[in-house]
Amino acid sequence: MATACFGRRVTSVPAQVLTNVQAIMVQISHVFPHSSLLCIVNSVGEVIAYVAEDITDAARLLELTSAVKQAALLFAETHSLSSVPVLHIKGQTHILSCFDISNYVFGMCLDMHPAALELFDTRDAETMLRPLLEDVTRLLEDF
């Protein structure tokens with residue numbers, strides 16, 4: 001069973017907005033049952049909300065999500081790009097995806113059997129996520 005939590009340090013997003021964001025993240029965890037972590041990170045790397053299957057690994061994965069996004073932005077700068085709105089990193093049994101949403105980053109880590117991961121289509125995942133992430137964007141756009 002997944003654990004849903006709010007980050008500790010961010011106070012600029014009202015509690016009701018975070019509750020609504022959290023509800024959407026739980027919906028996403030049902031759409032992607034192999035998700036071990038879903039998180040939303042602000043522009044300074046603070047986690048505002050997350051859903052994690054295993055709370056012990058969550059802190060490490062949250063740090064990884066923030067670090068991967070920062071690395072992607074540095075890479076974009078070297079190629080004169082201003083952003084990296086979507087990023088997928090595939091390993092043998094995991095895929096980490098980051099999506100820009102308003103002034104935040106939505107991170108998702110999926111754990112899968114290697115054969116299932118090989119067949120996983122990130123474009124299909126983006127299509128399924130798009131309406132849910134648009135809802136999260138609308139909720140967070142003023143904060």
# chains A, B, ... in the order shown; residues from 1 in each chain; ligands from 1
>>> select_by_dssp(residues="region 38-111 of chain A", states="alpha helix (DSSP H)", output="PyMOL selection string")
chain A and resi 55-78
>>> residues_around(residues="Pro131 (chain A)", least_positions_apart="5", cutoff="12 Å", atoms="only C-alpha atoms", output="compact mmCIF listing (two decimals) with N, CA, C and O atoms, in the first residue's frame")
# COMPACT_ATOMS: atom_id res chain seq x y z
N ILE A 24 -4.89 13.66 -6.71
CA ILE A 24 -4.55 13.36 -8.10
C ILE A 24 -3.35 12.42 -8.17
O ILE A 24 -3.31 11.49 -8.98
N GLN A 27 -4.48 9.01 -7.67
CA GLN A 27 -5.08 8.53 -8.92
C GLN A 27 -4.00 8.04 -9.88
O GLN A 27 -4.14 6.99 -10.51
N ILE A 28 -2.92 8.81 -10.01
CA ILE A 28 -1.82 8.43 -10.90
C ILE A 28 -1.21 7.11 -10.46
O ILE A 28 -0.88 6.26 -11.28
N ILE A 101 5.67 20.94 -14.56
CA ILE A 101 4.29 21.33 -14.33
C ILE A 101 4.31 22.67 -13.61
O ILE A 101 4.70 22.74 -12.45
N ALA A 125 2.52 6.50 -21.88
CA ALA A 125 2.46 6.96 -20.49
C ALA A 125 2.20 8.46 -20.44
O ALA A 125 1.38 8.93 -19.64
N GLU A 126 2.89 9.22 -21.29
CA GLU A 126 2.67 10.66 -21.33
C GLU A 126 1.24 11.00 -21.69
O GLU A 126 0.63 11.90 -21.12
N VAL A 136 -3.10 19.07 -12.10
CA VAL A 136 -2.13 19.48 -11.08
C VAL A 136 -1.57 20.86 -11.42
O VAL A 136 -1.43 21.73 -10.55
N THR A 137 -1.26 21.09 -12.69
CA THR A 137 -0.75 22.39 -13.13
C THR A 137 -1.72 23.51 -12.79
O THR A 137 -1.33 24.55 -12.26
N ARG A 138 -3.00 23.29 -13.08
CA ARG A 138 -4.02 24.31 -12.77
C ARG A 138 -4.06 24.59 -11.27
O ARG A 138 -4.20 25.74 -10.85
>>> residues_around(residues="Asp142 (chain A)", least_positions_apart="3", cutoff="10 Å", atoms="only C-alpha atoms", output="list in words")
Ser12, Val13, Ser102, Asn103, Thr137, Arg138 and Leu139 of chain A
>>> write_last_selection(atoms="N, CA and C atoms", output="mmCIF file, in the first residue's frame")
data_model
loop_
_atom_site.group_PDB
_atom_site.id
_atom_site.type_symbol
_atom_site.label_atom_id
_atom_site.label_comp_id
_atom_site.auth_asym_id
_atom_site.auth_seq_id
_atom_site.Cartn_x
_atom_site.Cartn_y
_atom_site.Cartn_z
ATOM 1 N N SER A 12 4.062 27.879 1.109
ATOM 2 C CA SER A 12 3.410 28.809 0.198
ATOM 3 C C SER A 12 2.205 28.206 -0.526
ATOM 4 N N VAL A 13 2.071 26.907 -0.531
ATOM 5 C CA VAL A 13 0.929 26.259 -1.175
ATOM 6 C C VAL A 13 -0.102 25.934 -0.089
ATOM 7 N N SER A 102 3.951 23.712 -14.314
ATOM 8 C CA SER A 102 3.980 25.060 -13.754
ATOM 9 C C SER A 102 5.394 25.359 -13.268
ATOM 10 N N ASN A 103 5.575 25.772 -12.028
ATOM 11 C CA ASN A 103 6.907 26.047 -11.476
ATOM 12 C C ASN A 103 7.465 24.847 -10.721
ATOM 13 N N THR A 137 -1.265 21.086 -12.687
ATOM 14 C CA THR A 137 -0.749 22.393 -13.130
ATOM 15 C C THR A 137 -1.725 23.509 -12.794
ATOM 16 N N ARG A 138 -3.002 23.288 -13.085
ATOM 17 C CA ARG A 138 -4.019 24.308 -12.775
ATOM 18 C C ARG A 138 -4.065 24.593 -11.272
ATOM 19 N N LEU A 139 -3.934 23.562 -10.472
ATOM 20 C CA LEU A 139 -3.967 23.745 -9.015
ATOM 21 C C LEU A 139 -2.749 24.535 -8.511
#
>>> select_by_dssp(residues="region 48-98 of chain A", states="strand (DSSP E)", output="list of chain:residue names")
A:Ile48, A:Ala49, A:Tyr50, A:Val51, A:Ala52, A:Val86, A:Leu87, A:His88, A:Ile89, A:Lys90, A:His94, A:Ile95, A:Leu96, A:Ser97, A:Cys98
>>> residues_around(residues="Pro33 (chain A)", least_positions_apart="2", cutoff="12 Å", atoms="only C-alpha atoms", output="PyMOL selection string")
chain A and resi 1-2+25-31+35-38+51-53+108-112
>>> decode(residues="region 52-84 of chain A", atoms="N, CA, C and O atoms", output="PDB file, in the first residue's frame")
ATOM      1  N   ALA A  52       4.633   7.183  -1.984  1.00  0.00           N
ATOM      2  CA  ALA A  52       5.722   6.202  -2.058  1.00  0.00           C
ATOM      3  C   ALA A  52       5.249   4.842  -1.596  1.00  0.00           C
ATOM      4  O   ALA A  52       4.499   4.744  -0.629  1.00  0.00           O
ATOM      5  N   GLU A  53       5.706   3.818  -2.284  1.00  0.00           N
ATOM      6  CA  GLU A  53       5.394   2.440  -1.917  1.00  0.00           C
ATOM      7  C   GLU A  53       6.198   2.031  -0.687  1.00  0.00           C
ATOM      8  O   GLU A  53       5.678   1.415   0.225  1.00  0.00           O
ATOM      9  N   ASP A  54       7.472   2.369  -0.679  1.00  0.00           N
ATOM     10  CA  ASP A  54       8.357   2.011   0.430  1.00  0.00           C
ATOM     11  C   ASP A  54       8.965   3.294   0.978  1.00  0.00           C
ATOM     12  O   ASP A  54       9.798   3.926   0.337  1.00  0.00           O
ATOM     13  N   ILE A  55       8.541   3.693   2.137  1.00  0.00           N
ATOM     14  CA  ILE A  55       8.947   4.972   2.714  1.00  0.00           C
ATOM     15  C   ILE A  55      10.459   5.062   2.953  1.00  0.00           C
ATOM     16  O   ILE A  55      11.034   6.142   2.889  1.00  0.00           O
ATOM     17  N   THR A  56      11.135   3.931   3.157  1.00  0.00           N
ATOM     18  CA  THR A  56      12.580   3.961   3.408  1.00  0.00           C
ATOM     19  C   THR A  56      13.357   4.386   2.176  1.00  0.00           C
ATOM     20  O   THR A  56      14.356   5.087   2.291  1.00  0.00           O
ATOM     21  N   ASP A  57      12.934   3.965   1.009  1.00  0.00           N
ATOM     22  CA  ASP A  57      13.618   4.335  -0.220  1.00  0.00           C
ATOM     23  C   ASP A  57      13.184   5.698  -0.751  1.00  0.00           C
ATOM     24  O   ASP A  57      13.823   6.250  -1.641  1.00  0.00           O
ATOM     25  N   ALA A  58      12.100   6.230  -0.234  1.00  0.00           N
ATOM     26  CA  ALA A  58      11.535   7.468  -0.767  1.00  0.00           C
ATOM     27  C   ALA A  58      12.513   8.631  -0.703  1.00  0.00           C
ATOM     28  O   ALA A  58      12.661   9.371  -1.678  1.00  0.00           O
ATOM     29  N   ALA A  59      13.204   8.825   0.406  1.00  0.00           N
ATOM     30  CA  ALA A  59      14.119   9.965   0.547  1.00  0.00           C
ATOM     31  C   ALA A  59      15.209   9.933  -0.519  1.00  0.00           C
ATOM     32  O   ALA A  59      15.513  10.952  -1.145  1.00  0.00           O
ATOM     33  N   ARG A  60      15.778   8.756  -0.753  1.00  0.00           N
ATOM     34  CA  ARG A  60      16.823   8.623  -1.769  1.00  0.00           C
ATOM     35  C   ARG A  60      16.273   8.922  -3.160  1.00  0.00           C
ATOM     36  O   ARG A  60      16.893   9.639  -3.951  1.00  0.00           O
ATOM     37  N   LEU A  61      15.096   8.413  -3.459  1.00  0.00           N
ATOM     38  CA  LEU A  61      14.494   8.637  -4.767  1.00  0.00           C
ATOM     39  C   LEU A  61      14.062  10.092  -4.947  1.00  0.00           C
ATOM     40  O   LEU A  61      14.142  10.636  -6.053  1.00  0.00           O
ATOM     41  N   LEU A  62      13.621  10.734  -3.881  1.00  0.00           N
ATOM     42  CA  LEU A  62      13.250  12.138  -3.962  1.00  0.00           C
ATOM     43  C   LEU A  62      14.476  12.991  -4.301  1.00  0.00           C
ATOM     44  O   LEU A  62      14.423  13.879  -5.144  1.00  0.00           O
ATOM     45  N   GLU A  63      15.583  12.700  -3.640  1.00  0.00           N
ATOM     46  CA  GLU A  63      16.831  13.417  -3.941  1.00  0.00           C
ATOM     47  C   GLU A  63      17.253  13.167  -5.378  1.00  0.00           C
ATOM     48  O   GLU A  63      17.699  14.086  -6.075  1.00  0.00           O
ATOM     49  N   LEU A  64      17.115  11.932  -5.838  1.00  0.00           N
ATOM     50  CA  LEU A  64      17.481  11.574  -7.207  1.00  0.00           C
ATOM     51  C   LEU A  64      16.638  12.354  -8.213  1.00  0.00           C
ATOM     52  O   LEU A  64      17.160  12.869  -9.207  1.00  0.00           O
ATOM     53  N   THR A  65      15.340  12.461  -7.971  1.00  0.00           N
ATOM     54  CA  THR A  65      14.458  13.189  -8.884  1.00  0.00           C
ATOM     55  C   THR A  65      14.911  14.632  -9.034  1.00  0.00           C
ATOM     56  O   THR A  65      15.015  15.164 -10.143  1.00  0.00           O
ATOM     57  N   SER A  66      15.204  15.264  -7.919  1.00  0.00           N
ATOM     58  CA  SER A  66      15.662  16.658  -7.947  1.00  0.00           C
ATOM     59  C   SER A  66      17.007  16.764  -8.672  1.00  0.00           C
ATOM     60  O   SER A  66      17.212  17.646  -9.511  1.00  0.00           O
ATOM     61  N   ALA A  67      17.922  15.868  -8.382  1.00  0.00           N
ATOM     62  CA  ALA A  67      19.256  15.901  -8.998  1.00  0.00           C
ATOM     63  C   ALA A  67      19.183  15.650 -10.502  1.00  0.00           C
ATOM     64  O   ALA A  67      19.883  16.307 -11.286  1.00  0.00           O
ATOM     65  N   VAL A  68      18.333  14.719 -10.924  1.00  0.00           N
ATOM     66  CA  VAL A  68      18.192  14.413 -12.351  1.00  0.00           C
ATOM     67  C   VAL A  68      17.652  15.628 -13.097  1.00  0.00           C
ATOM     68  O   VAL A  68      18.138  15.980 -14.177  1.00  0.00           O
ATOM     69  N   LYS A  69      16.675  16.293 -12.519  1.00  0.00           N
ATOM     70  CA  LYS A  69      16.116  17.474 -13.178  1.00  0.00           C
ATOM     71  C   LYS A  69      17.164  18.579 -13.283  1.00  0.00           C
ATOM     72  O   LYS A  69      17.294  19.223 -14.327  1.00  0.00           O
ATOM     73  N   GLN A  70      17.939  18.789 -12.230  1.00  0.00           N
ATOM     74  CA  GLN A  70      18.995  19.804 -12.270  1.00  0.00           C
ATOM     75  C   GLN A  70      20.030  19.460 -13.344  1.00  0.00           C
ATOM     76  O   GLN A  70      20.482  20.332 -14.081  1.00  0.00           O
ATOM     77  N   ALA A  71      20.400  18.199 -13.444  1.00  0.00           N
ATOM     78  CA  ALA A  71      21.363  17.765 -14.461  1.00  0.00           C
ATOM     79  C   ALA A  71      20.798  17.983 -15.867  1.00  0.00           C
ATOM     80  O   ALA A  71      21.514  18.408 -16.777  1.00  0.00           O
ATOM     81  N   ALA A  72      19.525  17.703 -16.058  1.00  0.00           N
ATOM     82  CA  ALA A  72      18.888  17.898 -17.362  1.00  0.00           C
ATOM     83  C   ALA A  72      18.897  19.375 -17.753  1.00  0.00           C
ATOM     84  O   ALA A  72      19.134  19.722 -18.922  1.00  0.00           O
ATOM     85  N   LEU A  73      18.657  20.249 -16.784  1.00  0.00           N
ATOM     86  CA  LEU A  73      18.674  21.684 -17.070  1.00  0.00           C
ATOM     87  C   LEU A  73      20.081  22.159 -17.459  1.00  0.00           C
ATOM     88  O   LEU A  73      20.239  22.975 -18.373  1.00  0.00           O
ATOM     89  N   LEU A  74      21.086  21.625 -16.764  1.00  0.00           N
ATOM     90  CA  LEU A  74      22.469  21.964 -17.124  1.00  0.00           C
ATOM     91  C   LEU A  74      22.801  21.474 -18.533  1.00  0.00           C
ATOM     92  O   LEU A  74      23.446  22.171 -19.318  1.00  0.00           O
ATOM     93  N   PHE A  75      22.355  20.273 -18.856  1.00  0.00           N
ATOM     94  CA  PHE A  75      22.554  19.722 -20.196  1.00  0.00           C
ATOM     95  C   PHE A  75      21.864  20.603 -21.235  1.00  0.00           C
ATOM     96  O   PHE A  75      22.435  20.904 -22.285  1.00  0.00           O
ATOM     97  N   ALA A  76      20.645  21.037 -20.954  1.00  0.00           N
ATOM     98  CA  ALA A  76      19.902  21.895 -21.884  1.00  0.00           C
ATOM     99  C   ALA A  76      20.650  23.195 -22.137  1.00  0.00           C
ATOM    100  O   ALA A  76      20.729  23.658 -23.284  1.00  0.00           O
ATOM    101  N   GLU A  77      21.224  23.771 -21.083  1.00  0.00           N
ATOM    102  CA  GLU A  77      21.979  25.017 -21.232  1.00  0.00           C
ATOM    103  C   GLU A  77      23.150  24.857 -22.197  1.00  0.00           C
ATOM    104  O   GLU A  77      23.449  25.766 -22.971  1.00  0.00           O
ATOM    105  N   THR A  78      23.797  23.701 -22.163  1.00  0.00           N
ATOM    106  CA  THR A  78      24.951  23.494 -23.051  1.00  0.00           C
ATOM    107  C   THR A  78      24.526  23.419 -24.515  1.00  0.00           C
ATOM    108  O   THR A  78      25.361  23.559 -25.400  1.00  0.00           O
ATOM    109  N   HIS A  79      23.252  23.205 -24.759  1.00  0.00           N
ATOM    110  CA  HIS A  79      22.723  23.134 -26.130  1.00  0.00           C
ATOM    111  C   HIS A  79      21.794  24.302 -26.433  1.00  0.00           C
ATOM    112  O   HIS A  79      20.946  24.216 -27.326  1.00  0.00           O
ATOM    113  N   SER A  80      21.914  25.369 -25.639  1.00  0.00           N
ATOM    114  CA  SER A  80      21.132  26.596 -25.824  1.00  0.00           C
ATOM    115  C   SER A  80      19.623  26.365 -25.764  1.00  0.00           C
ATOM    116  O   SER A  80      18.855  27.015 -26.459  1.00  0.00           O
ATOM    117  N   LEU A  81      19.218  25.433 -24.945  1.00  0.00           N
ATOM    118  CA  LEU A  81      17.795  25.192 -24.717  1.00  0.00           C
ATOM    119  C   LEU A  81      17.417  25.799 -23.376  1.00  0.00           C
ATOM    120  O   LEU A  81      18.216  25.820 -22.444  1.00  0.00           O
ATOM    121  N   SER A  82      16.185  26.280 -23.269  1.00  0.00           N
ATOM    122  CA  SER A  82      15.780  26.918 -22.017  1.00  0.00           C
ATOM    123  C   SER A  82      15.130  25.949 -21.036  1.00  0.00           C
ATOM    124  O   SER A  82      15.019  26.256 -19.853  1.00  0.00           O
ATOM    125  N   SER A  83      14.694  24.793 -21.522  1.00  0.00           N
ATOM    126  CA  SER A  83      14.038  23.856 -20.611  1.00  0.00           C
ATOM    127  C   SER A  83      14.108  22.425 -21.144  1.00  0.00           C
ATOM    128  O   SER A  83      14.449  22.195 -22.296  1.00  0.00           O
ATOM    129  N   VAL A  84      13.750  21.510 -20.270  1.00  0.00           N
ATOM    130  CA  VAL A  84      13.609  20.095 -20.615  1.00  0.00           C
ATOM    131  C   VAL A  84      12.259  19.688 -20.011  1.00  0.00           C
ATOM    132  O   VAL A  84      12.186  19.238 -18.878  1.00  0.00           O
TER     133      VAL A  84
END
